[in-house]
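Text of the file work08.txt, holding compact mmCIF, C-alpha atoms and all ligand atoms:
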```txt
# COMPACT_ATOMS: atom_id res chain seq x y z
CA MET Y 176 121.60 104.21 73.44
CA ASP Y 177 125.33 104.17 73.30
CA LYS Y 178 126.99 101.08 74.54
CA ILE Y 179 129.94 102.65 76.22
CA SER Y 180 132.63 100.86 78.04
CA MET Y 181 132.81 101.22 81.78
CA ASN Y 182 135.22 103.75 83.04
CA ARG Y 183 137.77 101.93 85.15
CA ARG Y 184 139.47 103.97 87.78
CA GLN Y 185 142.31 102.84 89.97
CA PHE Y 186 140.86 102.31 93.40
CA VAL Y 187 142.95 104.21 95.90
CA SER Y 188 141.90 105.02 99.41
CA ALA Y 189 143.20 105.12 102.92
CA SER Y 190 140.84 102.34 103.94
CA ALA Y 191 142.00 100.02 101.18
CA ALA Y 192 145.56 100.72 102.21
CA THR Y 193 144.68 99.64 105.73
CA LEU Y 194 142.93 96.54 104.51
CA ILE Y 195 145.54 95.20 102.15
CA GLY Y 196 148.67 97.09 103.13
CA ALA Y 197 149.15 98.74 99.74
CA ALA Y 198 148.02 101.98 98.22
CA VAL Y 199 146.64 100.46 95.03
CA VAL Y 200 144.56 97.33 94.77
CA PRO Y 201 146.20 94.98 92.25
CA ARG Y 202 144.16 94.28 89.15
CA THR Y 203 143.80 90.59 89.82
CA SER Y 204 140.50 88.97 90.49
CA GLN Y 205 141.79 87.53 93.76
CA ALA Y 206 142.81 90.81 95.43
CA ALA Y 207 141.48 91.09 98.97
CA VAL Y 208 138.98 93.71 97.90
CA PRO Y 209 137.41 93.49 94.44
CA GLU Y 210 138.34 96.35 92.16
CA ALA Y 211 135.55 98.91 92.09
CA GLN Y 212 134.36 99.98 88.67
CA PHE Y 213 132.89 103.33 87.79
CA GLN Y 214 130.52 104.81 85.27
CA SER Y 215 131.13 108.34 84.10
CA SER Y 216 128.04 108.94 81.96
CA ALA Y 217 124.29 108.58 82.16
CA ASN Y 218 124.13 106.39 79.05
CA MET Y 219 122.52 102.98 79.28
CA VAL Y 220 125.03 100.13 79.40
CA VAL Y 221 123.33 96.88 78.42
CA PRO Y 222 124.86 94.27 80.75
CA PRO Y 223 126.62 91.34 79.08
CA LEU Y 224 125.24 87.84 79.60
CA PRO Y 225 126.93 86.32 82.66
CA ALA Y 226 130.42 85.03 81.80
CA ASP Y 227 130.79 82.86 84.89
CA GLY Y 228 128.57 81.55 87.64
CA PRO Y 229 124.97 80.50 87.10
CA PHE Y 230 123.16 81.82 84.02
CA TYR Y 231 120.56 84.57 84.38
CA ASN Y 232 118.84 87.06 82.10
CA PRO Y 233 120.30 90.46 83.06
CA VAL Y 234 118.04 93.44 83.63
CA VAL Y 235 118.45 96.71 81.75
CA THR Y 236 118.79 99.82 83.93
CA LEU Y 237 117.42 102.96 82.27
CA ASN Y 238 120.30 105.47 81.92
CA GLY Y 239 122.36 103.11 84.04
CA TRP Y 240 124.37 99.94 84.35
CA SER Y 241 124.90 96.80 86.42
CA ALA Y 242 127.85 96.38 88.78
CA PRO Y 243 130.34 93.73 87.65
CA SER Y 244 130.94 91.01 90.24
CA ARG Y 245 133.62 88.41 90.85
CA PHE Y 246 133.55 85.00 92.50
CA LYS Y 247 135.82 84.26 95.41
CA ASN Y 248 135.60 81.45 97.97
CA GLY Y 249 132.19 80.47 96.64
CA ARG Y 250 130.75 83.96 97.06
CA ARG Y 251 129.74 86.59 94.54
CA GLU Y 252 131.50 89.82 95.48
CA PHE Y 253 130.85 93.48 94.69
CA HIS Y 254 132.51 96.74 95.67
CA LEU Y 255 130.44 99.89 96.11
CA ILE Y 256 132.02 103.30 96.66
CA ALA Y 257 129.70 105.87 98.31
CA GLU Y 258 130.86 109.22 96.94
CA PRO Y 259 129.88 112.62 95.54
CA VAL Y 260 129.01 112.31 91.83
CA GLU Y 261 128.05 114.52 88.92
CA ARG Y 262 124.85 113.34 87.26
CA GLN Y 263 123.39 114.67 84.06
CA ILE Y 264 119.67 115.00 84.88
CA ALA Y 265 118.87 115.61 81.19
CA PRO Y 266 120.89 117.19 78.38
CA GLY Y 267 121.40 120.78 79.56
CA MET Y 268 121.34 120.12 83.28
CA MET Y 269 123.98 118.65 85.58
CA ALA Y 270 123.52 118.04 89.29
CA ASN Y 271 125.98 117.58 92.13
CA LEU Y 272 124.61 114.47 93.81
CA TRP Y 273 125.84 111.71 96.09
CA GLY Y 274 125.77 108.19 94.73
CA TYR Y 275 127.82 105.07 94.18
CA ASN Y 276 130.63 104.26 91.75
CA GLY Y 277 130.36 107.48 89.77
CA GLN Y 278 126.61 107.78 89.35
CA SER Y 279 123.24 108.26 91.01
CA PRO Y 280 121.54 105.87 91.22
CA GLY Y 281 124.36 103.44 91.95
CA PRO Y 282 124.93 100.40 89.75
CA THR Y 283 122.23 97.74 89.73
CA ILE Y 284 123.33 94.70 91.70
CA GLU Y 285 122.33 91.41 90.09
CA CYS Y 286 122.77 87.97 91.59
CA VAL Y 287 121.09 84.58 91.67
CA GLU Y 288 118.84 82.98 94.25
CA GLY Y 289 120.83 80.74 96.60
CA GLU Y 290 124.11 82.65 96.19
CA THR Y 291 125.99 84.17 99.08
CA ILE Y 292 126.98 87.69 98.22
CA ARG Y 293 129.62 89.83 99.86
CA ILE Y 294 129.50 93.57 99.27
CA TYR Y 295 132.41 95.81 100.23
CA VAL Y 296 131.23 99.37 100.87
CA THR Y 297 133.82 102.14 100.97
CA ASN Y 298 132.73 105.55 102.23
CA LYS Y 299 134.17 108.52 100.36
CA LEU Y 300 131.46 110.91 101.51
CA PRO Y 301 132.16 113.76 103.94
CA GLU Y 302 129.91 112.09 106.54
CA HIS Y 303 129.15 108.59 107.77
CA THR Y 304 126.80 106.25 105.93
CA THR Y 305 125.45 102.67 105.84
CA ILE Y 306 123.59 100.58 103.27
CA HIS Y 307 120.23 99.01 103.98
CA TRP Y 308 119.24 96.14 101.66
CA HIS Y 309 115.59 96.96 101.21
CA GLY Y 310 113.39 93.85 101.12
CA ILE Y 311 116.17 91.27 101.50
CA ILE Y 312 115.64 88.72 104.28
CA LEU Y 313 119.00 88.58 106.07
CA PRO Y 314 120.67 88.44 109.50
CA SER Y 315 119.75 91.42 111.66
CA GLY Y 316 123.35 92.64 111.83
CA MET Y 317 123.52 92.91 108.01
CA ASP Y 318 120.41 95.09 107.71
CA GLY Y 319 122.37 98.34 107.56
CA VAL Y 320 120.49 100.53 110.02
CA GLY Y 321 123.14 102.81 111.52
CA GLY Y 322 123.28 102.56 115.30
CA LEU Y 323 120.69 99.75 115.40
CA SER Y 324 122.29 96.99 113.36
CA GLN Y 325 125.87 98.26 112.96
CA PRO Y 326 128.11 101.25 113.68
CA GLN Y 327 127.97 103.77 110.84
CA ILE Y 328 130.71 103.57 108.19
CA LYS Y 329 132.90 106.61 108.79
CA PRO Y 330 134.51 108.56 105.94
CA GLY Y 331 137.47 106.55 104.66
CA GLU Y 332 136.31 103.22 106.10
CA THR Y 333 135.34 100.07 104.22
CA PHE Y 334 132.70 97.73 105.64
CA VAL Y 335 131.71 94.25 104.52
CA TYR Y 336 128.13 93.01 104.17
CA GLU Y 337 127.59 89.31 103.55
CA PHE Y 338 124.38 87.31 103.34
CA GLU Y 339 122.63 84.59 101.43
CA MET Y 340 120.09 85.52 98.80
CA ASN Y 341 117.38 83.15 99.83
CA LYS Y 342 114.67 84.31 97.47
CA SER Y 343 114.47 85.82 94.01
CA GLY Y 344 112.76 89.13 93.34
CA THR Y 345 112.92 92.91 93.09
CA PHE Y 346 114.77 94.89 95.76
CA MET Y 347 116.77 98.07 96.29
CA TYR Y 348 119.54 99.48 98.44
CA HIS Y 349 119.86 102.88 100.12
CA PRO Y 350 121.54 104.43 103.18
CA HIS Y 351 120.02 104.14 106.64
CA ALA Y 352 122.21 106.92 108.08
CA ASP Y 353 121.28 110.61 107.78
CA GLU Y 354 118.66 109.26 105.40
CA MET Y 355 116.87 112.49 104.65
CA THR Y 356 120.07 114.11 103.40
CA GLN Y 357 121.54 111.08 101.71
CA MET Y 358 118.41 110.12 99.78
CA ALA Y 359 117.70 113.77 98.90
CA MET Y 360 121.20 113.72 97.40
CA GLY Y 361 120.48 110.63 95.29
CA MET Y 362 121.94 107.65 97.17
CA MET Y 363 120.10 104.53 96.06
CA GLY Y 364 120.39 101.56 93.76
CA PHE Y 365 118.43 98.62 92.39
CA LEU Y 366 119.01 95.03 93.51
CA VAL Y 367 117.66 92.11 91.49
CA VAL Y 368 117.85 88.50 92.62
CA HIS Y 369 117.27 86.22 89.65
CA PRO Y 370 115.55 82.84 90.06
CA LYS Y 371 117.89 79.84 90.27
CA ASP Y 372 116.00 78.32 87.33
CA PRO Y 373 116.29 80.89 84.50
CA GLU Y 374 113.10 79.52 82.94
CA GLN Y 375 111.14 80.61 86.02
CA HIS Y 376 109.50 84.05 85.66
CA LYS Y 377 111.32 84.36 82.34
CA VAL Y 378 110.82 87.48 80.24
CA ASP Y 379 112.56 88.70 77.08
CA ARG Y 380 113.14 92.28 78.26
CA ASP Y 381 113.42 93.33 81.88
CA PHE Y 382 113.74 97.06 82.69
CA VAL Y 383 114.44 98.68 86.07
CA PHE Y 384 114.28 102.22 87.44
CA LEU Y 385 114.14 103.97 90.79
CA MET Y 386 112.05 107.03 91.49
CA ALA Y 387 113.77 109.90 93.31
CA SER Y 388 112.82 113.53 93.79
CA TYR Y 389 115.11 116.52 94.09
CA ASP Y 390 114.75 120.16 95.02
CA ILE Y 391 117.20 122.05 92.83
CA ASP Y 392 116.48 125.72 92.22
CA PRO Y 393 116.68 126.87 88.58
CA GLY Y 394 120.29 127.65 87.77
CA MET Y 395 121.65 125.69 90.76
CA PHE Y 396 123.50 122.35 90.82
CA THR Y 397 123.07 120.97 94.33
CA PRO Y 398 119.79 119.72 95.82
CA LYS Y 399 118.40 121.37 98.92
CA VAL Y 400 118.48 118.61 101.53
CA ASN Y 401 116.04 120.03 104.07
CA THR Y 402 113.07 119.95 101.72
CA MET Y 403 110.34 117.76 103.15
CA THR Y 404 107.64 117.56 100.49
CA ASP Y 405 107.99 120.41 98.00
CA PHE Y 406 110.41 118.88 95.50
CA ASN Y 407 110.66 120.29 91.97
CA LEU Y 408 112.35 117.49 89.99
CA TRP Y 409 110.66 114.10 89.68
CA THR Y 410 113.11 111.58 88.34
CA TRP Y 411 113.46 108.03 87.09
CA ASN Y 412 117.03 106.93 87.74
CA SER Y 413 117.91 110.57 88.47
CA ARG Y 414 116.79 111.63 84.98
CA VAL Y 415 113.82 113.68 83.77
CA PHE Y 416 111.99 113.70 80.43
CA PRO Y 417 113.26 114.12 77.74
CA GLY Y 418 116.44 112.60 79.20
CA ILE Y 419 114.93 109.26 80.28
CA ASP Y 420 115.76 106.26 78.08
CA HIS Y 421 112.92 104.80 76.05
CA PHE Y 422 111.70 101.28 76.76
CA VAL Y 423 112.57 99.63 73.43
CA ILE Y 424 110.78 96.30 73.02
CA LYS Y 425 110.56 93.85 70.15
CA GLN Y 426 106.98 93.16 69.10
CA GLY Y 427 105.90 89.86 70.61
CA ASP Y 428 108.41 89.94 73.45
CA ARG Y 429 107.26 89.41 77.01
CA ALA Y 430 108.45 92.47 78.91
CA ARG Y 431 108.78 93.33 82.57
CA ILE Y 432 109.15 96.81 84.01
CA ARG Y 433 110.32 97.01 87.64
CA PHE Y 434 110.43 100.19 89.69
CA GLY Y 435 110.86 101.36 93.26
CA ASN Y 436 109.89 104.57 95.00
CA LEU Y 437 112.34 106.46 97.21
CA THR Y 438 110.57 109.81 96.96
CA MET Y 439 108.36 111.28 99.69
CA THR Y 440 105.06 110.72 97.87
CA ASN Y 441 103.31 107.99 95.88
CA HIS Y 442 103.42 107.64 92.09
CA PRO Y 443 100.58 106.11 90.06
CA ILE Y 444 102.51 104.67 87.09
CA HIS Y 445 100.37 104.52 83.98
CA MET Y 446 101.24 102.85 80.67
CA HIS Y 447 99.33 103.37 77.45
CA GLY Y 448 98.50 100.75 74.80
CA TYR Y 449 98.39 97.71 77.08
CA ASP Y 450 96.94 96.19 80.14
CA PHE Y 451 99.48 94.56 82.41
CA GLU Y 452 99.68 92.49 85.57
CA VAL Y 453 101.79 93.18 88.64
CA THR Y 454 103.83 90.00 88.94
CA CYS Y 455 106.29 90.97 91.66
CA THR Y 456 106.46 93.30 94.64
CA ASP Y 457 109.34 93.92 97.01
CA GLY Y 458 107.88 91.08 99.08
CA GLY Y 459 108.24 88.52 96.29
CA TRP Y 460 106.43 87.07 93.29
CA VAL Y 461 102.64 87.45 93.12
CA PRO Y 462 100.91 84.06 92.65
CA GLU Y 463 99.18 83.89 89.26
CA SER Y 464 95.78 83.43 90.89
CA ALA Y 465 96.24 86.78 92.68
CA ARG Y 466 97.07 88.90 89.61
CA TRP Y 467 94.61 91.13 87.79
CA PRO Y 468 94.80 93.32 84.71
CA GLU Y 469 95.23 97.07 85.09
CA VAL Y 470 96.72 100.05 83.30
CA THR Y 471 97.89 102.11 86.29
CA VAL Y 472 99.64 100.85 89.39
CA ASP Y 473 100.29 103.06 92.38
CA CYS Y 474 103.71 102.74 93.93
CA ALA Y 475 103.74 104.05 97.49
CA ILE Y 476 106.79 105.44 99.26
CA GLY Y 477 109.27 102.67 99.95
CA GLN Y 478 107.48 100.19 97.66
CA MET Y 479 108.62 98.33 94.58
CA ARG Y 480 106.43 96.93 91.83
CA ALA Y 481 107.09 94.92 88.68
CA PHE Y 482 104.51 94.47 85.93
CA GLU Y 483 104.55 92.29 82.84
CA PHE Y 484 102.86 92.30 79.45
CA VAL Y 485 103.24 90.73 76.03
CA ALA Y 486 104.25 93.51 73.63
CA ASP Y 487 101.81 92.65 70.84
CA ASN Y 488 100.61 96.21 70.12
CA PRO Y 489 103.24 98.10 68.10
CA GLY Y 490 103.58 101.84 68.51
CA ASP Y 491 104.94 104.66 70.65
CA TRP Y 492 103.21 104.43 74.01
CA ALA Y 493 103.50 106.96 76.80
CA ILE Y 494 104.49 105.66 80.22
CA HIS Y 495 104.36 108.17 83.04
CA CYS Y 496 103.41 109.05 86.58
CA HIS Y 497 99.77 110.15 86.48
CA LYS Y 498 100.28 113.02 88.91
CA ALA Y 499 100.33 115.83 86.36
CA HIS Y 500 102.84 117.93 88.30
CA HIS Y 501 105.25 114.97 88.30
CA THR Y 502 105.50 115.20 84.51
CA MET Y 503 106.87 118.73 84.77
CA ASN Y 504 110.31 120.06 85.54
CA ALA Y 505 111.38 122.84 87.89
CA MET Y 506 110.07 126.41 87.56
CA GLY Y 507 106.64 127.86 87.41
CA HIS Y 508 105.17 126.08 90.43
CA ASP Y 509 104.26 129.40 92.01
CA VAL Y 510 102.74 130.87 88.85
CA PRO Y 511 99.16 132.07 89.54
CA THR Y 512 96.35 130.85 87.30
CA MET Y 513 96.10 133.24 84.34
CA ILE Y 514 93.69 131.23 82.22
CA GLY Y 515 90.98 133.57 80.94
CA VAL Y 516 92.75 136.69 82.21
CA ASP Y 517 93.27 139.28 79.50
CA HIS Y 518 96.58 141.00 80.26
CA ARG Y 519 96.85 142.94 77.04
CA SER Y 520 96.47 146.45 78.37
CA ILE Y 521 98.65 145.96 81.44
CA ALA Y 522 101.22 144.01 79.42
CA ARG Y 523 101.49 146.87 76.93
CA GLN Y 524 102.26 149.28 79.76
CA ILE Y 525 104.91 146.94 81.25
CA VAL Y 526 106.53 146.33 77.85
CA ASP Y 527 107.07 150.08 77.57
CA VAL Y 528 109.37 149.77 80.61
CA VAL Y 529 110.62 146.17 80.29
CA PRO Y 530 110.76 145.31 76.58
CA GLU Y 531 111.43 141.56 77.13
CA PHE Y 532 108.39 141.14 79.45
CA MET Y 533 106.24 138.18 78.47
CA VAL Y 534 102.90 137.13 79.95
CA MET Y 535 102.62 133.41 80.61
CA GLY Y 536 99.72 131.12 80.77
CA GLU Y 537 96.63 133.11 79.81
CA ARG Y 538 95.52 130.38 77.39
CA GLY Y 539 96.83 127.50 79.51
CA MET Y 540 100.45 126.49 79.91
CA ALA Y 541 100.94 124.78 76.54
CA ASP Y 542 102.74 127.85 75.19
CA MET Y 543 105.55 126.89 77.53
CA GLY Y 544 106.17 123.73 75.50
CA VAL Y 545 106.56 125.65 72.25
CA MET Y 546 108.21 128.91 73.15
CA GLU Y 547 111.43 127.61 74.69
CA MET Y 548 111.61 130.75 76.80
CA PRO Y 549 115.01 131.95 77.98
CA LEU Y 550 116.01 130.06 81.13
CA PRO Y 551 118.80 130.36 83.66
CA ASP Y 552 121.86 128.24 82.83
CA ASN Y 553 121.72 124.60 83.94
CA THR Y 554 117.91 124.55 83.84
CA ILE Y 555 115.61 122.48 81.69
CA PRO Y 556 112.21 123.79 80.62
CA MET Y 557 109.18 122.94 82.72
CA MET Y 558 107.37 121.35 79.75
CA THR Y 559 109.47 120.23 76.83
CA GLY Y 560 110.40 117.49 74.36
CA TRP Y 561 109.39 117.01 70.75
CA GLY Y 562 107.66 114.10 69.01
CA GLN Y 563 106.98 113.51 65.35
CA PHE Y 564 103.78 115.59 65.52
CA GLY Y 565 104.99 118.51 67.67
CA PRO Y 566 105.83 119.45 71.25
CA ILE Y 567 105.18 116.73 73.83
CA GLU Y 568 104.96 119.29 76.66
CA MET Y 569 106.19 117.01 79.39
CA GLY Y 570 108.97 116.79 81.94
CA GLY Y 571 109.83 114.67 84.97
CA MET Y 572 108.51 111.12 85.14
CA PHE Y 573 107.63 110.50 81.51
CA SER Y 574 109.06 108.20 78.87
CA VAL Y 575 107.99 106.21 75.80
CA VAL Y 576 107.52 102.47 75.34
CA LYS Y 577 108.58 101.79 71.73
CA VAL Y 578 107.28 98.46 70.48
CA ARG Y 579 108.62 97.51 67.04
CA GLU Y 580 108.64 94.50 64.75
CA GLY Y 581 111.88 92.73 63.96
CA LEU Y 582 114.28 94.20 66.50
CA LYS Y 583 117.31 92.10 67.34
CA ASP Y 584 117.44 90.41 70.73
CA ARG Y 585 119.18 92.60 73.29
CA ASP Y 586 119.09 95.59 70.94
CA TYR Y 587 117.89 98.62 72.91
CA SER Y 588 118.95 101.32 70.48
CA ASP Y 589 116.34 103.93 69.60
CA PRO Y 590 114.28 102.78 66.59
CA GLY Y 591 112.98 106.33 65.96
CA TRP Y 592 109.34 107.36 65.95
CA TYR Y 593 106.66 104.85 65.06
CA VAL Y 594 105.56 104.76 61.43
CA HIS Y 595 101.79 104.57 61.75
CA PRO Y 596 99.89 102.41 59.23
CA LYS Y 597 97.84 104.52 56.84
CA GLY Y 598 94.53 105.65 58.30
CA THR Y 599 95.43 104.98 61.95
CA VAL Y 600 96.31 108.51 63.08
CA ALA Y 601 93.73 110.95 64.47
CA TYR Y 602 93.18 113.69 61.92
CA LYS Y 603 91.70 117.14 61.56
CA PHE Y 604 88.07 117.10 60.49
CA ASP Y 605 87.51 118.84 57.18
CA SER Y 606 83.84 119.21 56.18
CA GLU Y 607 84.77 119.87 52.55
CA ASN Y 608 86.55 116.56 52.04
CA SER Y 609 84.72 114.24 54.40
CU CU Y 701 104.52 110.84 90.56
```

Any chance you could put this one into structure tokens?
Amino acid sequence: MDKISMNRRQFVSASAATLIGAAVVPRTSQAAVPEAQFQSSANMVVPPLPADGPFYNPVVTLNGWSAPSRFKNGRREFHLIAEPVERQIAPGMMANLWGYNGQSPGPTIECVEGETIRIYVTNKLPEHTTIHWHGIILPSGMDGVGGLSQPQIKPGETFVYEFEMNKSGTFMYHPHADEMTQMAMGMMGFLVVHPKDPEQHKVDRDFVFLMASYDIDPGMFTPKVNTMTDFNLWTWNSRVFPGIDHFVIKQGDRARIRFGNLTMTNHPIHMHGYDFEVTCTDGGWVPESARWPEVTVDCAIGQMRAFEFVADNPGDWAIHCHKAHHTMNAMGHDVPTMIGVDHRSIARQIVDVVPEFMVMGERGMADMGVMEMPLPDNTIPMMTGWGQFGPIEMGGMFSVVKVREGLKDRDYSDPGWYVHPKGTVAYKFDSENS
């Protein structure tokens, strides 16, 4: 993954002008409102080790980044801008979403147990919003439920949230105002509270992603926001396979993968090559005596889960939602079953009239993965992606855990496909030579 520098943008808004009496926030760390920083691409930015404040081991956000913070008056401060964004869902498809600081999901917020954090939230959306800090134990008036715990943040306004992070763990943030629209448009972010003692719950690699679903018709850019259950794009950090970053892990490392579900259905997350233990939920750390090995963990709507494993089995291992239609992209959901149907005679008659007519799916749908049929602009194939042995025929919530010997610490760049030791790949049976 490219390590790209964050795209700084001068922060100018009517609300900031009201707050500090100037149109542009000075670039000093002690300005009234911390300078917001923005990310313009969907490339992974590996966060630097903390330069000030208590030490922690940063998490790595797939196709994302962590929000920089500053310290002022003993608090850790952040600035989130709720705004319309353009997100690349995968190479070949852009979407008009709503998010924070240039991207959907918003930047991951990282802090340390015991810290007081202050988060400035500026609303640049066309409608009001709030932020709910999902799973954080805090004063009722900081909980972000519009109308219940605070007035909504109107367009142009900046609100301040401030609370103490009294326990470490895995959390998320999302609006609690016109939720159905705002989450259907991609407003969400990850929030990680690191233990005060960095040796506690220590892992070598710590990945995070949020699950969101969208309903974007082929060829369109903007999600339909009134869809209740029939979404057609199943995303991790607003990306679909083959656009989702790989989980690159050094052989022998202890790894943690954390995820949260802000879709309208559950996702059984399955990882190949390992058994793992769920070590953390959005309620906190799971005591060791209460953990058990498994290879699939269901993540219900509104839940978060984190599992850990020691990466001692090198290879390229699939990790995916086990709902088969969640590893597909848009298109084709209304295609009738054609398996076993012989269309040849009728197809010949249609081809006489429509030369480009093509019959899909009479031998199964795998042809879709190979043919790369013509698609409307801004649309990714339903089943796509190539591996070293051929088409992977996936989409949506699918990625690869790449465990390799000898990687450098904090190196997440793609090591390429796994070189299998001789005699360890399934092979075609040949009665002549067996
Ligand atoms: Cu799923």

Best match for closeness to Thr291 in chain Y among Y:Phe338, Y:Trp492, Y:Phe406, Y:Phe484, counting all atoms listed in the file: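 Checking each of Y:Phe338, Y:Trp492, Y:Phe406, Y:Phe484 against Thr291 in chain Y, counting all atoms listed in the file, the winner is Y:Phe338.
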
Å distance separating CA of Val287 in chain Y from CA of Tyr231 in chain Y, one decimal place: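 Separating CA of Val287 in chain Y from CA of Tyr231 in chain Y is a distance of 7.3 Å.
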
Ligand CU 701 (chain Y) neighbours within 6 Å using only C-alpha atoms and all ligand atoms, as a PyMOL selection string: chain Y and resi 442+496+498+501

Expected file contents, prior selection, C-alpha atoms, as a compact mmCIF listing (two decimals), in the coordinates of the input:
```txt
# COMPACT_ATOMS: atom_id res chain seq x y z
CA HIS Y 442 103.42 107.64 92.09
CA CYS Y 496 103.41 109.05 86.58
CA LYS Y 498 100.28 113.02 88.91
CA HIS Y 501 105.25 114.97 88.30
```

Point-to-point distance in Å for CA of Met340 in chain Y and CA of Pro373 in chain Y: 15.5 Å

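Between CA of Gly319 in chain Y and CA of Asn276 in chain Y the separation is 18.8 Å.
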
Close residues, Glu288 in chain Y itself excluded, 7 Å, only C-alpha atoms, min 6 positions apart in chain, as an MDAnalysis selection string: chainID Y and resid 340:343 368:371

Best match for closeness to Tyr389 in chain Y among Y:Arg414, Y:His309, Y:Arg466, Y:Arg480, counting all atoms listed in the file: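 Looking only at the distances to Tyr389 in chain Y, the closest residue turns out to be Y:Arg414.
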
Who sits within 10 Å of Ile284 in chain Y, all atoms listed in the file, same chain under 4 positions skipped, as a PyMOL selection string: chain Y and resi 234+240-244+253+255+294+346-348+364-368

Name the residues in contact with Thr456 in chain Y at a cut-off of 8 Å, using only C-alpha atoms, excluding same-chain residues fewer than 2 positions from it; report them as a compact mmCIF listing (two decimals) with C-alpha atoms, in the frame of the given file.
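Listing of selection27.txt after writing:
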```
# COMPACT_ATOMS: atom_id res chain seq x y z
CA GLY Y 344 112.76 89.13 93.34
CA THR Y 345 112.92 92.91 93.09
CA VAL Y 453 101.79 93.18 88.64
CA THR Y 454 103.83 90.00 88.94
CA GLY Y 458 107.88 91.08 99.08
CA GLY Y 459 108.24 88.52 96.29
CA TRP Y 460 106.43 87.07 93.29
CA VAL Y 461 102.64 87.45 93.12
CA GLN Y 478 107.48 100.19 97.66
CA MET Y 479 108.62 98.33 94.58
CA ARG Y 480 106.43 96.93 91.83
CA ALA Y 481 107.09 94.92 88.68
```

Selection: 9 Å around range 257-263 of chain Y, all atoms listed in the file, excl. self and same-chain fewer than 6 positions, as a ChimeraX atom specification: /Y:215-217,269-279,281,296-301,304,360,362,413-414,418

Please save C-alpha atoms of the selected residues as a short mmCIF file (atom, residue, chain, number, x, y, z; two decimals), keeping the file's coordinate frame.
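Full text of selection-v3.cif as output:
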```cif
data_model
loop_
_atom_site.label_atom_id
_atom_site.label_comp_id
_atom_site.auth_asym_id
_atom_site.auth_seq_id
_atom_site.Cartn_x
_atom_site.Cartn_y
_atom_site.Cartn_z
CA SER Y 215 131.13 108.34 84.10
CA SER Y 216 128.04 108.94 81.96
CA ALA Y 217 124.29 108.58 82.16
CA MET Y 269 123.98 118.65 85.58
CA ALA Y 270 123.52 118.04 89.29
CA ASN Y 271 125.98 117.58 92.13
CA LEU Y 272 124.61 114.47 93.81
CA TRP Y 273 125.84 111.71 96.09
CA GLY Y 274 125.77 108.19 94.73
CA TYR Y 275 127.82 105.07 94.18
CA ASN Y 276 130.63 104.26 91.75
CA GLY Y 277 130.36 107.48 89.77
CA GLN Y 278 126.61 107.78 89.35
CA SER Y 279 123.24 108.26 91.01
CA GLY Y 281 124.36 103.44 91.95
CA VAL Y 296 131.23 99.37 100.87
CA THR Y 297 133.82 102.14 100.97
CA ASN Y 298 132.73 105.55 102.23
CA LYS Y 299 134.17 108.52 100.36
CA LEU Y 300 131.46 110.91 101.51
CA PRO Y 301 132.16 113.76 103.94
CA THR Y 304 126.80 106.25 105.93
CA MET Y 360 121.20 113.72 97.40
CA MET Y 362 121.94 107.65 97.17
CA SER Y 413 117.91 110.57 88.47
CA ARG Y 414 116.79 111.63 84.98
CA GLY Y 418 116.44 112.60 79.20
#
```

Near-Asp487 in chain Y list (12 Å; only C-alpha atoms; drop same-chain fewer than 3 positions) as a list of chain:residue names: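 The residues that qualify are Y:Ile424, Y:Lys425, Y:Gln426, Y:Gly427, Y:Asp428, Y:Arg429, Y:Ala430, Y:Gly448, Y:Tyr449, Y:Asp450, Y:Phe451, Y:Phe484, Y:Gly490, Y:Lys577, Y:Val578, Y:Arg579, Y:Glu580.
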
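Remark: for Ile312 in chain Y, the closest of the candidate residues Y:Pro326, Y:Asp457, Y:Lys597, Y:Asn412 is Y:Asp457 (distances computed over all atoms listed in the file).
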
Among the residues Y:Val383, Y:Ile292, Y:Ile432, Y:Ala352, the one that comes closest to Gly321 in chain Y [using all atoms listed in the file]: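 Once distances to Gly321 in chain Y are computed over all atoms listed in the file, the minimum belongs to Y:Ala352.
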
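With all atoms listed in the file as the basis for measurement, Y:Arg585 is the residue among Y:Arg251, Y:Lys329, Y:His595, Y:Arg585 that approaches Val423 in chain Y most closely.
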
Which residue of Y:Phe334, Y:Trp308, Y:Trp409, Y:Phe396 approaches Met557 in chain Y most closely, using all atoms listed in the file: Y:Trp409
